file my_file34.txt (compact mmCIF, C-alpha atoms and all ligand atoms)
# COMPACT_ATOMS: atom_id res chain seq x y z
CA MET A 1 -20.11 -8.93 18.01
CA ASP A 2 -21.42 -7.82 14.64
CA PHE A 3 -19.82 -9.27 11.51
CA GLY A 4 -22.15 -7.52 9.08
CA LEU A 5 -21.27 -4.59 6.86
CA SER A 6 -23.57 -1.59 6.96
CA GLY A 7 -25.85 -0.93 3.98
CA GLU A 8 -23.56 1.94 2.96
CA GLN A 9 -20.44 -0.21 3.17
CA ARG A 10 -22.05 -2.95 1.06
CA ALA A 11 -23.17 -0.39 -1.53
CA LEU A 12 -19.68 1.15 -1.63
CA LYS A 13 -18.05 -2.24 -2.16
CA GLU A 14 -20.49 -3.08 -4.95
CA ALA A 15 -19.93 0.30 -6.61
CA ALA A 16 -16.15 -0.16 -6.42
CA ARG A 17 -16.47 -3.66 -7.89
CA ALA A 18 -18.71 -2.51 -10.75
CA PHE A 19 -16.34 0.34 -11.62
CA ALA A 20 -13.18 -1.76 -11.30
CA GLN A 21 -14.49 -4.68 -13.34
CA ALA A 22 -15.87 -2.39 -16.07
CA GLU A 23 -12.98 0.06 -16.36
CA LEU A 24 -9.82 -1.33 -14.72
CA ALA A 25 -9.91 -5.07 -15.41
CA PRO A 26 -10.09 -4.74 -19.21
CA VAL A 27 -6.86 -2.68 -19.41
CA ALA A 28 -4.88 -4.10 -16.49
CA ALA A 29 -2.97 -6.72 -18.52
CA ARG A 30 -2.05 -4.23 -21.24
CA ASN A 31 -0.90 -1.60 -18.74
CA ASP A 32 1.18 -4.29 -17.01
CA ALA A 33 2.79 -5.45 -20.24
CA GLU A 34 3.58 -1.91 -21.37
CA GLY A 35 4.40 -0.53 -17.93
CA ARG A 36 1.86 2.21 -18.62
CA PHE A 37 0.98 4.50 -15.70
CA PRO A 38 -2.84 4.39 -15.23
CA ARG A 39 -3.42 8.16 -15.24
CA GLN A 40 -6.90 7.84 -16.76
CA ALA A 41 -7.97 5.29 -14.17
CA LEU A 42 -6.70 7.54 -11.39
CA ASN A 43 -8.69 10.48 -12.75
CA ARG A 44 -11.77 8.28 -12.58
CA LEU A 45 -10.91 7.35 -8.97
CA TRP A 46 -10.96 11.06 -8.10
CA GLU A 47 -14.21 11.62 -9.97
CA LEU A 48 -15.87 8.75 -8.13
CA GLY A 49 -14.61 9.81 -4.69
CA PHE A 50 -12.14 6.95 -4.11
CA MET A 51 -9.20 9.33 -3.58
CA GLY A 52 -9.13 11.05 -0.21
CA MET A 53 -11.86 8.72 1.05
CA THR A 54 -10.92 9.06 4.72
CA VAL A 55 -10.06 12.78 4.58
CA PRO A 56 -12.62 14.84 6.54
CA ALA A 57 -15.37 16.33 4.35
CA ALA A 58 -14.35 19.84 5.46
CA TYR A 59 -11.20 19.46 3.31
CA GLY A 60 -12.98 17.95 0.33
CA GLY A 61 -12.60 14.29 1.33
CA GLY A 62 -15.12 11.50 1.73
CA GLY A 63 -15.00 11.49 5.54
CA LEU A 64 -15.33 7.70 5.47
CA ASP A 65 -14.11 5.06 7.92
CA HIS A 66 -11.10 2.77 7.38
CA LEU A 67 -13.24 -0.31 6.75
CA SER A 68 -14.99 1.46 3.85
CA HIS A 69 -11.57 2.32 2.44
CA ALA A 70 -10.39 -1.29 2.76
CA LEU A 71 -13.54 -2.57 1.01
CA ALA A 72 -13.05 -0.21 -1.94
CA LEU A 73 -9.34 -0.93 -2.17
CA GLU A 74 -9.95 -4.68 -2.17
CA GLU A 75 -12.23 -4.36 -5.20
CA ILE A 76 -9.86 -2.02 -7.06
CA SER A 77 -7.02 -4.47 -6.41
CA ARG A 78 -9.12 -7.45 -7.50
CA ALA A 79 -9.17 -5.80 -10.94
CA ASP A 80 -5.73 -4.16 -10.92
CA ALA A 81 -3.23 -4.30 -8.06
CA ALA A 82 -1.03 -1.62 -9.68
CA THR A 83 -3.76 1.03 -9.61
CA ALA A 84 -4.60 -0.15 -6.09
CA VAL A 85 -1.14 0.57 -4.68
CA ILE A 86 -1.13 4.09 -6.10
CA MET A 87 -4.50 4.71 -4.46
CA GLU A 88 -3.37 3.04 -1.25
CA VAL A 89 -0.25 5.19 -0.80
CA HIS A 90 -2.18 8.35 -1.67
CA ASN A 91 -5.07 7.64 0.69
CA THR A 92 -3.24 6.23 3.68
CA VAL A 93 0.33 7.27 4.30
CA VAL A 94 0.00 10.62 2.49
CA CYS A 95 -3.54 11.88 3.22
CA GLU A 96 -3.71 10.35 6.68
CA LEU A 97 -0.37 11.68 7.84
CA ILE A 98 -1.38 15.19 6.80
CA SER A 99 -4.92 14.80 8.23
CA HIS A 100 -3.64 13.63 11.61
CA PHE A 101 -0.50 15.64 12.14
CA ALA A 102 -0.45 18.79 10.01
CA ALA A 103 -1.42 22.24 11.33
CA GLU A 104 -4.75 23.72 10.31
CA GLU A 105 -3.32 26.02 7.60
CA GLN A 106 -1.28 23.13 6.17
CA LYS A 107 -4.33 20.86 5.98
CA ALA A 108 -6.29 23.64 4.28
CA ALA A 109 -3.47 24.06 1.75
CA TRP A 110 -2.75 20.41 0.89
CA LEU A 111 -5.77 18.20 1.57
CA PRO A 112 -8.16 19.84 -0.93
CA ARG A 113 -5.46 19.44 -3.62
CA LEU A 114 -5.05 15.76 -2.76
CA CYS A 115 -8.83 15.27 -2.89
CA ARG A 116 -9.18 17.14 -6.19
CA GLY A 117 -6.57 15.51 -8.42
CA ASP A 118 -3.02 16.06 -7.15
CA LEU A 119 -1.38 12.69 -6.48
CA GLY A 120 0.64 12.12 -3.29
CA ALA A 121 3.77 10.06 -2.57
CA PHE A 122 5.40 8.96 0.70
CA ALA A 123 9.18 9.08 0.72
CA LEU A 124 10.72 7.28 3.66
CA THR A 125 12.97 4.52 2.24
CA GLU A 126 16.57 5.27 1.27
CA PRO A 127 19.30 3.15 -0.31
CA LEU A 128 20.84 2.48 3.14
CA ALA A 129 17.63 2.63 5.18
CA GLY A 130 14.87 0.14 4.31
CA SER A 131 13.52 -1.99 7.17
CA ASP A 132 15.72 0.11 9.44
CA ALA A 133 13.93 3.33 8.55
CA GLY A 134 15.44 5.06 11.58
CA ALA A 135 18.81 5.06 9.80
CA LEU A 136 17.94 7.81 7.30
CA ARG A 137 20.82 9.81 5.81
CA SER A 138 18.87 12.52 3.96
CA ARG A 139 19.31 15.71 5.92
CA ALA A 140 17.41 18.96 6.33
CA GLU A 141 19.73 21.73 7.52
CA LYS A 142 18.33 24.85 9.15
CA ARG A 143 18.76 27.90 6.90
CA GLY A 144 17.11 31.18 7.95
CA HIS A 145 13.41 30.49 8.51
CA GLY A 146 13.51 27.21 6.65
CA TYR A 147 15.65 24.22 5.65
CA VAL A 148 17.86 23.01 2.83
CA LEU A 149 17.44 19.32 1.95
CA HIS A 150 20.11 16.99 0.58
CA GLY A 151 20.02 13.23 0.04
CA GLN A 152 18.34 10.41 -1.83
CA LYS A 153 15.16 8.37 -1.46
CA ALA A 154 14.78 4.95 -3.08
CA LEU A 155 11.88 2.75 -4.22
CA ILE A 156 9.23 5.45 -3.90
CA THR A 157 5.77 4.71 -5.33
CA SER A 158 4.59 7.40 -7.77
CA ALA A 159 7.92 9.32 -7.62
CA GLY A 160 7.89 11.78 -10.51
CA GLU A 161 4.15 11.25 -11.13
CA ALA A 162 2.98 12.64 -7.80
CA ALA A 163 2.51 16.37 -7.26
CA LEU A 164 3.05 16.29 -3.47
CA TYR A 165 5.66 14.37 -1.43
CA VAL A 166 5.57 13.60 2.28
CA LEU A 167 9.31 13.21 2.80
CA PHE A 168 11.40 12.37 5.86
CA ALA A 169 14.84 13.82 6.58
CA VAL A 170 17.20 14.18 9.54
CA THR A 171 17.11 17.57 11.25
CA ASN A 172 19.32 16.53 14.18
CA ALA A 173 21.76 13.68 13.55
CA ARG A 174 22.69 13.42 17.23
CA ARG A 175 19.15 12.46 18.24
CA GLY A 176 18.82 9.31 16.08
CA ARG A 177 15.17 8.48 15.35
CA ARG A 178 14.12 11.50 17.41
CA GLY A 179 16.06 13.68 15.01
CA ILE A 180 13.89 12.82 11.96
CA SER A 181 11.33 15.34 10.69
CA ALA A 182 8.58 15.21 8.06
CA PHE A 183 8.19 17.73 5.23
CA VAL A 184 5.78 18.23 2.36
CA LEU A 185 7.43 19.03 -0.99
CA ASP A 186 6.01 20.07 -4.33
CA ARG A 187 7.26 18.25 -7.43
CA GLU A 188 8.39 21.48 -9.09
CA MET A 189 10.68 22.67 -6.26
CA PRO A 190 14.18 23.53 -7.54
CA GLY A 191 16.72 20.87 -6.54
CA LEU A 192 14.18 18.03 -6.54
CA SER A 193 14.59 15.41 -9.28
CA PHE A 194 13.58 11.82 -9.97
CA GLY A 195 15.29 8.67 -11.21
CA LYS A 196 13.91 6.67 -14.10
CA PRO A 197 11.14 4.24 -13.16
CA GLU A 198 12.50 0.91 -11.90
CA GLU A 199 11.84 -2.22 -13.97
CA LYS A 200 9.69 -4.30 -11.64
CA MET A 201 8.53 -7.90 -11.40
CA GLY A 202 4.89 -6.95 -10.80
CA ILE A 203 2.53 -3.99 -10.27
CA ARG A 204 4.30 -2.78 -13.39
CA ALA A 205 1.79 -0.06 -14.25
CA SER A 206 2.70 1.75 -11.03
CA VAL A 207 5.85 3.85 -11.01
CA THR A 208 8.61 3.19 -8.47
CA ALA A 209 11.64 5.49 -8.59
CA SER A 210 14.36 7.28 -6.66
CA ILE A 211 14.12 10.89 -5.51
CA PHE A 212 17.18 13.14 -5.44
CA LEU A 213 17.39 16.11 -3.10
CA ASP A 214 20.07 18.53 -4.18
CA GLY A 215 19.73 21.67 -2.09
CA VAL A 216 15.93 21.84 -1.98
CA HIS A 217 14.89 24.98 -0.05
CA VAL A 218 11.71 24.63 2.00
CA GLY A 219 10.12 27.05 4.43
CA ALA A 220 9.44 26.02 8.03
CA ASP A 221 5.75 25.99 7.05
CA ARG A 222 6.55 22.84 5.01
CA ARG A 223 7.49 20.88 8.16
CA ILE A 224 4.69 18.77 9.65
CA GLY A 225 4.63 18.65 13.43
CA GLN A 226 7.64 19.52 15.56
CA GLU A 227 11.24 18.87 14.62
CA GLY A 228 12.04 15.28 15.55
CA ASP A 229 8.43 14.04 15.29
CA GLY A 230 8.83 12.51 11.83
CA TYR A 231 9.65 8.94 12.79
CA ARG A 232 6.80 8.73 15.28
CA MET A 233 4.35 10.09 12.70
CA ALA A 234 5.61 7.63 10.06
CA LEU A 235 5.11 4.71 12.48
CA ALA A 236 1.60 5.80 13.43
CA THR A 237 0.57 6.34 9.81
CA LEU A 238 1.88 2.96 8.75
CA ASP A 239 -0.88 1.36 10.82
CA ALA A 240 -3.33 2.64 8.20
CA GLY A 241 -0.91 1.92 5.37
CA ARG A 242 -0.45 -1.73 6.29
CA VAL A 243 -4.21 -2.29 6.44
CA GLY A 244 -4.28 -0.86 2.93
CA ILE A 245 -1.66 -3.33 1.72
CA ALA A 246 -3.58 -6.15 3.43
CA ALA A 247 -6.71 -5.07 1.49
CA GLN A 248 -4.68 -4.95 -1.71
CA ALA A 249 -3.49 -8.50 -1.02
CA VAL A 250 -7.03 -9.74 -0.30
CA GLY A 251 -8.11 -8.31 -3.66
CA VAL A 252 -5.33 -10.19 -5.48
CA ALA A 253 -6.16 -13.42 -3.62
CA GLN A 254 -9.83 -13.07 -4.58
CA ALA A 255 -8.90 -12.49 -8.22
CA ALA A 256 -6.76 -15.65 -8.11
CA LEU A 257 -9.63 -17.69 -6.69
CA ASP A 258 -12.08 -16.25 -9.26
CA LEU A 259 -9.76 -17.21 -12.08
CA ALA A 260 -9.02 -20.68 -10.69
CA VAL A 261 -12.72 -21.53 -10.20
CA SER A 262 -13.66 -20.36 -13.67
CA TYR A 263 -10.78 -22.14 -15.43
CA SER A 264 -11.27 -25.40 -13.54
CA LYS A 265 -14.91 -25.58 -14.66
CA GLN A 266 -14.03 -25.04 -18.27
CA ARG A 267 -10.77 -27.03 -18.73
CA ARG A 268 -11.39 -30.71 -19.52
CA GLN A 269 -8.90 -33.56 -19.09
CA PHE A 270 -9.53 -37.32 -18.94
CA GLY A 271 -13.04 -36.58 -20.27
CA HIS A 272 -14.05 -34.35 -17.35
CA PRO A 273 -13.77 -30.71 -16.28
CA ILE A 274 -10.73 -30.61 -13.97
CA ALA A 275 -13.07 -29.09 -11.30
CA GLU A 276 -14.46 -32.63 -10.87
CA PHE A 277 -11.09 -33.93 -9.66
CA GLN A 278 -10.72 -33.89 -5.90
CA ALA A 279 -7.12 -32.74 -6.11
CA ILE A 280 -8.37 -29.52 -7.72
CA GLN A 281 -11.33 -29.18 -5.36
CA LEU A 282 -9.03 -29.42 -2.34
CA LYS A 283 -6.87 -26.61 -3.71
CA LEU A 284 -9.93 -24.42 -4.32
CA ALA A 285 -11.24 -25.13 -0.81
CA ASP A 286 -7.91 -24.24 0.77
CA MET A 287 -7.70 -21.04 -1.24
CA ALA A 288 -11.23 -20.03 -0.21
CA MET A 289 -10.56 -20.79 3.47
CA GLN A 290 -7.29 -18.86 3.59
CA LEU A 291 -8.77 -15.94 1.69
CA GLU A 292 -11.69 -15.70 4.09
CA ALA A 293 -9.36 -15.73 7.11
CA ALA A 294 -7.20 -13.02 5.57
CA ARG A 295 -10.24 -10.94 4.65
CA TRP A 296 -11.71 -10.97 8.16
CA LEU A 297 -8.40 -10.19 9.82
CA THR A 298 -8.03 -7.28 7.39
CA TYR A 299 -11.56 -5.98 8.00
CA ARG A 300 -10.99 -6.23 11.74
CA ALA A 301 -7.69 -4.35 11.52
CA ALA A 302 -9.40 -1.66 9.42
CA TRP A 303 -12.17 -1.37 12.00
CA LEU A 304 -9.62 -1.22 14.84
CA ASN A 305 -7.95 1.74 13.13
CA ASP A 306 -11.11 3.73 13.83
CA GLN A 307 -11.11 2.78 17.51
CA PRO A 308 -9.10 4.66 20.15
CA GLY A 309 -5.43 3.76 20.70
CA ARG A 310 -2.81 2.08 18.53
CA HIS A 311 -3.37 -1.43 17.15
CA THR A 312 -0.02 -2.03 15.50
CA ALA A 313 0.29 -5.77 16.20
CA ASP A 314 -3.26 -6.50 14.96
CA VAL A 315 -2.49 -4.55 11.81
CA SER A 316 0.74 -6.50 11.32
CA LYS A 317 -1.12 -9.82 11.72
CA ALA A 318 -3.56 -8.79 8.98
CA LYS A 319 -0.83 -7.56 6.64
CA LEU A 320 1.30 -10.66 7.24
CA LEU A 321 -1.52 -13.16 6.70
CA ALA A 322 -3.11 -11.37 3.74
CA SER A 323 0.17 -10.98 1.86
CA GLU A 324 1.23 -14.59 2.44
CA VAL A 325 -2.25 -15.80 1.39
CA ALA A 326 -2.19 -13.65 -1.76
CA VAL A 327 1.07 -15.29 -2.87
CA ARG A 328 -0.22 -18.80 -2.05
CA CYS A 329 -3.54 -18.27 -3.85
CA ALA A 330 -1.89 -16.77 -6.92
CA ASP A 331 0.58 -19.66 -7.01
CA GLU A 332 -2.26 -22.21 -6.81
CA ALA A 333 -4.13 -20.35 -9.56
CA VAL A 334 -1.07 -20.80 -11.79
CA GLN A 335 -0.94 -24.50 -10.82
CA ILE A 336 -4.62 -25.06 -11.60
CA HIS A 337 -4.06 -23.52 -15.04
CA GLY A 338 -1.31 -26.07 -15.73
CA GLY A 339 1.13 -24.94 -18.42
CA TYR A 340 -1.24 -22.18 -19.48
CA GLY A 341 -0.83 -20.63 -16.06
CA TYR A 342 2.69 -19.77 -17.09
CA LEU A 343 1.50 -17.78 -20.11
CA ARG A 344 0.70 -14.07 -20.00
CA ASP A 345 -2.62 -14.41 -21.83
CA TYR A 346 -4.25 -16.37 -19.00
CA GLY A 347 -3.77 -13.76 -16.25
CA ALA A 348 -2.66 -16.03 -13.41
CA GLU A 349 1.05 -15.25 -13.75
CA ARG A 350 0.36 -11.50 -13.44
CA LEU A 351 -1.45 -12.15 -10.17
CA LEU A 352 1.53 -14.09 -8.84
CA ARG A 353 3.94 -11.30 -9.82
CA ASP A 354 1.62 -8.66 -8.31
CA ALA A 355 1.00 -10.64 -5.12
CA ARG A 356 4.73 -10.97 -4.43
CA ILE A 357 5.25 -7.29 -3.60
CA THR A 358 2.74 -7.36 -0.74
CA ARG A 359 5.20 -9.44 1.31
CA LEU A 360 7.82 -6.71 0.90
CA TYR A 361 6.58 -3.13 1.07
CA GLU A 362 5.30 -1.20 4.06
CA GLY A 363 7.32 -3.67 6.12
CA THR A 364 8.46 -7.11 4.98
CA SER A 365 6.85 -10.26 6.38
CA GLU A 366 9.89 -10.64 8.64
CA ILE A 367 9.33 -7.15 10.07
CA GLN A 368 5.61 -7.87 10.63
CA ARG A 369 6.61 -10.97 12.59
CA LEU A 370 9.01 -8.90 14.69
CA VAL A 371 6.24 -6.41 15.46
CA ILE A 372 3.87 -9.23 16.49
CA ALA A 373 6.54 -10.94 18.59
CA ALA A 374 7.47 -7.67 20.30
CA ASP A 375 3.84 -7.20 21.28
CA LEU A 376 3.72 -10.73 22.70
CA LEU A 377 6.97 -10.39 24.59
CA ARG A 378 6.59 -6.81 25.79
CA GLY A 379 7.24 -6.61 29.48
CA THR A 380 8.38 -10.22 29.77
CA PRO A 381 11.88 -11.02 31.06
CA GLY A 382 14.35 -11.16 28.17
CA GLY A 383 11.93 -9.27 25.88
CA VAL A 384 13.11 -8.36 22.39
CA ALA A 385 15.15 -5.20 21.89
CA ALA A 386 12.70 -2.38 21.23
CA GLY A 387 15.06 -0.73 18.74
CA VAL A 388 14.61 -3.50 16.23
CA VAL A 389 10.99 -4.33 16.72
CA THR A 390 9.57 -0.84 16.37
CA THR A 391 11.14 -0.41 12.95
CA PRO A 392 8.51 0.98 10.57
CA SER A 393 9.59 0.29 6.98
CA GLY A 394 8.27 2.46 4.17
C1 LIG B 1 7.46 -1.64 -5.60
C2 LIG B 1 7.90 -0.98 -4.34
C3 LIG B 1 7.25 0.16 -3.89
C4 LIG B 1 7.69 0.81 -2.73
N1 LIG B 1 7.08 1.98 -2.35
C5 LIG B 1 7.59 2.69 -1.31
C6 LIG B 1 7.09 3.99 -0.99
O1 LIG B 1 6.15 4.48 -1.63
N2 LIG B 1 7.68 4.68 0.01
C7 LIG B 1 8.71 4.18 0.74
O2 LIG B 1 9.20 4.88 1.63
N3 LIG B 1 9.20 2.93 0.47
C8 LIG B 1 8.67 2.20 -0.54
N4 LIG B 1 9.19 0.95 -0.85
C9 LIG B 1 10.29 0.42 -0.05
C10 LIG B 1 9.89 -0.78 0.82
O3 LIG B 1 9.07 -0.38 1.87
C11 LIG B 1 11.19 -1.45 1.29
O4 LIG B 1 11.72 -2.09 0.14
C12 LIG B 1 10.96 -2.43 2.42
O5 LIG B 1 10.62 -1.75 3.60
C13 LIG B 1 12.20 -3.28 2.71
O6 LIG B 1 13.35 -2.51 2.78
P1 LIG B 1 14.62 -2.95 1.89
O7 LIG B 1 14.13 -3.19 0.53
O8 LIG B 1 15.71 -1.97 2.09
O9 LIG B 1 15.05 -4.37 2.48
P2 LIG B 1 16.05 -4.62 3.72
O10 LIG B 1 15.62 -3.81 4.90
O11 LIG B 1 17.44 -4.48 3.26
O12 LIG B 1 15.76 -6.14 4.04
C14 LIG B 1 16.38 -7.22 3.35
C15 LIG B 1 15.91 -8.51 4.00
O13 LIG B 1 16.34 -8.54 5.37
C16 LIG B 1 15.23 -8.73 6.23
N5 LIG B 1 15.44 -7.99 7.47
C17 LIG B 1 15.81 -6.68 7.62
N6 LIG B 1 15.91 -6.37 8.91
C18 LIG B 1 15.60 -7.49 9.60
C19 LIG B 1 15.51 -7.82 10.98
N7 LIG B 1 15.75 -6.91 11.94
N8 LIG B 1 15.18 -9.08 11.32
C20 LIG B 1 14.90 -10.01 10.35
N9 LIG B 1 14.96 -9.77 9.05
C21 LIG B 1 15.30 -8.52 8.68
C22 LIG B 1 14.03 -8.20 5.44
O14 LIG B 1 12.82 -8.75 5.90
C23 LIG B 1 14.39 -8.66 4.03
O15 LIG B 1 14.03 -10.00 3.87
C24 LIG B 1 8.76 0.28 -1.98
C25 LIG B 1 9.38 -0.90 -2.42
C26 LIG B 1 8.98 -1.51 -3.60
C27 LIG B 1 9.71 -2.75 -4.06
call {"tool": "encode", "arguments": {"input": "my_file34.txt", "output": "structure tokens"}}
result
Amino acid sequence: MDFGLSGEQRALKEAARAFAQAELAPVAARNDAEGRFPRQALNRLWELGFMGMTVPAAYGGGGLDHLSHALALEEISRADAATAVIMEVHNTVVCELISHFAAEEQKAAWLPRLCRGDLGAFALTEPLAGSDAGALRSRAEKRGHGYVLHGQKALITSAGEAALYVLFAVTNARRGRRGISAFVLDREMPGLSFGKPEEKMGIRASVTASIFLDGVHVGADRRIGQEGDGYRMALATLDAGRVGIAAQAVGVAQAALDLAVSYSKQRRQFGHPIAEFQAIQLKLADMAMQLEAARWLTYRAAWLNDQPGRHTADVSKAKLLASEVAVRCADEAVQIHGGYGYLRDYGAERLLRDARITRLYEGTSEIQRLVIAADLLRGTPGGVAAGVVTTPSG
């Protein structure tokens, strides 16, 4: 068993940290307050090779492993969780789905664009289909050699900002989940439009919006895989996506600990820095312990994603722990700041607002627990209904 990172992985993490602390951290609070999309930061991520990191080099990507991606994402998130989620969606559920499941000509058409500067979005969730992502209503009707798409997607990261959309729609309503197919859409396609960005609690610099499909014509060459393969591909790709969210959460938790340690050494009460009080030390120790556990579970899940087979339950454990730890650490950082923790200028409240989303997207904490329980109970008498526990969540 080897717990060490390779020299390249360490160097990558340090490079990501240096970039994120120098260029993302100084503007993160302002972008959050103004809800400003971090276009400039994203352009820098492309320049530095952080977009398309796991895409094979033949298509213009970095050809890196999932652990390297998690390490970079953690450092980006430590500086700015909003930029991190945009990168995470682009790199995992968009690039990976295309890399793994698209035909050769499709990969050659889309992956170089995604590695060069075209942002990607992943559109699974709908108003009536969230955790139960098999209940999609958007439909793709056969028309000539292609399809016509109608419906609505909700809560989609980067909707309107992204150039390419991996989007799921029903091609055969009688087949349930096996009747869902995946398509790749361009932003400019006639019939495709976007709602106004939602007003969010946290990660406010990222855009989250609805997508409207009003008779969007797509050729059959826009469908990834066979008809009916969409749900299976979404599930498989979410294994990488959830590791990404776990890494995002670890980054937020680390930022909370950094802030709490620094403030506790500088704030004095009763004639002493509050760091000298055991009550504060115990909080810091608990934060550090939980963060370390979450980090190693996340690194392990990332590593597992490069090993043969599916590792869905291990991924869910990492995502569940890391997201719960991020919220706890951010909450303790606010507490250690006392009343100032409640003020925008001190940074802790932004971390708490940003941390909160990690328990919700790419499968809520409840859904992660169902996935873990299903794995435990599989094959045992009275096992949990597979229909519920395999639900993917966008
Ligand atoms: C900021 C943001 C960005 C997002 N980005 C994307 C994106 O890029 N692409 C995309 O496709 N989606 C995206 N989503 C959607 C996100 O993945 C969903 O919100 C999430 O999967 C939960 O679905 P829901 O909101 O419909 O909640 P619901 O499914 O309605 O769940 C409501 C509550 O019921 C619980 N629940 C549901 N089913 C069960 C069950 N069987 N057992 C126990 N409890 C259950 C849930 O855990 C939750 O607590 C985003 C959401 C947000 C807020």
call {"tool": "closest_atom_pairs", "arguments": {"input": "my_file34.txt", "of": "chain A", "to": "ligand LIG 1 (chain B)", "cutoff": "9 Å", "atoms": "only C-alpha atoms and all ligand atoms", "output": "CSV"}}
result
residue,atom,partner,partner_atom,distance
A:Val85,CA,B:LIG1,C3,8.4
A:Ile86,CA,B:LIG1,O1,8.6
A:Val89,CA,B:LIG1,O1,6.5
A:Val93,CA,B:LIG1,O1,8.8
A:Ala121,CA,B:LIG1,O1,6.1
A:Phe122,CA,B:LIG1,N2,4.9
A:Ala123,CA,B:LIG1,O2,4.3
A:Leu124,CA,B:LIG1,O2,3.5
A:Thr125,CA,B:LIG1,O2,3.8
A:Glu126,CA,B:LIG1,O8,7.3
A:Pro127,CA,B:LIG1,O8,6.7
A:Leu128,CA,B:LIG1,O8,6.9
A:Ala129,CA,B:LIG1,O8,5.9
A:Gly130,CA,B:LIG1,O8,3.2
A:Ser131,CA,B:LIG1,O10,3.6
A:Asp132,CA,B:LIG1,O10,6.0
A:Ala133,CA,B:LIG1,O5,7.8
A:Lys153,CA,B:LIG1,O2,7.6
A:Ala154,CA,B:LIG1,N3,6.9
A:Leu155,CA,B:LIG1,C24,4.6
A:Ile156,CA,B:LIG1,C6,3.9
A:Thr157,CA,B:LIG1,O1,3.7
A:Ser158,CA,B:LIG1,O1,7.0
A:Ala159,CA,B:LIG1,O1,7.9
A:Leu167,CA,B:LIG1,O2,8.4
A:Phe168,CA,B:LIG1,O2,8.9
A:Glu198,CA,B:LIG1,C1,8.5
A:Lys200,CA,B:LIG1,C1,7.0
A:Met201,CA,B:LIG1,C1,8.6
A:Gly202,CA,B:LIG1,C1,7.9
A:Ile203,CA,B:LIG1,C1,7.2
A:Arg204,CA,B:LIG1,C1,8.5
A:Ser206,CA,B:LIG1,C1,8.0
A:Val207,CA,B:LIG1,C1,7.9
A:Thr208,CA,B:LIG1,C3,5.7
A:Ala209,CA,B:LIG1,C3,8.4
A:Ile357,CA,B:LIG1,C27,6.4
A:Thr358,CA,B:LIG1,C1,8.9
A:Arg359,CA,B:LIG1,O14,8.9
A:Leu360,CA,B:LIG1,C12,5.5
A:Tyr361,CA,B:LIG1,O3,3.8
A:Glu362,CA,B:LIG1,O3,4.4
A:Gly363,CA,B:LIG1,O5,4.6
A:Thr364,CA,B:LIG1,O14,4.7
A:Ser365,CA,B:LIG1,O14,6.2
A:Glu366,CA,B:LIG1,O14,4.4
A:Ile367,CA,B:LIG1,O14,5.7
A:Gln368,CA,B:LIG1,O14,8.7
A:Arg369,CA,B:LIG1,C20,8.6
A:Leu370,CA,B:LIG1,N8,7.0
A:Val388,CA,B:LIG1,N7,5.6
A:Val389,CA,B:LIG1,N7,7.2
A:Thr391,CA,B:LIG1,N7,8.0
A:Pro392,CA,B:LIG1,O5,7.8
A:Ser393,CA,B:LIG1,O5,4.1
A:Gly394,CA,B:LIG1,O2,3.6
call {"tool": "residues_around", "arguments": {"input": "my_file34.txt", "residues": "Tyr299 in chain A", "least_positions_apart": "3", "cutoff": "9 Å", "atoms": "all atoms listed in the file", "output": "list in words"}}
result
His66, Leu67, Ala70, Leu71, Val243, Ala247, Ala294, Arg295, Trp296, Ala302, Trp303, Leu304 and Ala318 of chain A
call {"tool": "atom_distance", "arguments": {"input": "my_file34.txt", "atom1": "CA of Gly230 in chain A", "atom2": "CA of Ile180 in chain A"}}
result
5.1 Å
call {"tool": "closest_residue", "arguments": {"input": "my_file34.txt", "among": "A:Ile336, A:Ala41, A:Leu12, A:Ala82", "to": "Ala205 in chain A", "atoms": "only C-alpha atoms"}}
result
A:Ala82
call {"tool": "closest_residue", "arguments": {"input": "my_file34.txt", "among": "A:Ala103, A:Met87, A:Val216, A:Ala79", "to": "Ala162 in chain A", "atoms": "only C-alpha atoms"}}
result
A:Met87
call {"tool": "residues_around", "arguments": {"input": "my_file34.txt", "residues": "Glu349 in chain A", "least_positions_apart": "4", "cutoff": "10 Å", "atoms": "only C-alpha atoms", "output": "MDAnalysis selection string"}}
result
chainID A and resid 202 256 330:331 333:335 337 340:345 353:355
call {"tool": "atom_distance", "arguments": {"input": "my_file34.txt", "atom1": "CA of Gly49 in chain A", "atom2": "CA of Gly62 in chain A"}}
result
6.7 Å
call {"tool": "axis_aligned_box", "arguments": {"input": "my_file34.txt", "around": "range 188-196 of chain A", "padding_each_side": "6 Å", "output": "lines of an AutoDock Vina configuration file"}}
result
center_x = 12.6
center_y = 15.1
center_z = -10.2
size_x = 20.3
size_y = 28.9
size_z = 19.8
call {"tool": "closest_residue", "arguments": {"input": "my_file34.txt", "among": "A:Leu259, A:Met233, A:Val166, A:Ala11", "to": "Leu114 in chain A", "atoms": "only C-alpha atoms"}}
result
A:Val166
call {"tool": "atom_distance", "arguments": {"input": "my_file34.txt", "atom1": "CA of Ala84 in chain A", "atom2": "CA of Pro197 in chain A"}}
result
17.8 Å
call {"tool": "residues_near_point", "arguments": {"input": "my_file34.txt", "point": "(-1.3, 21.4, 1.7)", "cutoff": "12 Å", "atoms": "all atoms listed in the file", "output": "PyMOL selection string"}}
result
chain A and resi 59+94-95+97-99+101-116+118-120+163-166+183-186+221-224
call {"tool": "closest_residue", "arguments": {"input": "my_file34.txt", "among": "A:Ser138, A:Gln40, A:Ser193, A:Thr312", "to": "Leu235 in chain A", "atoms": "all atoms listed in the file"}}
result
A:Thr312
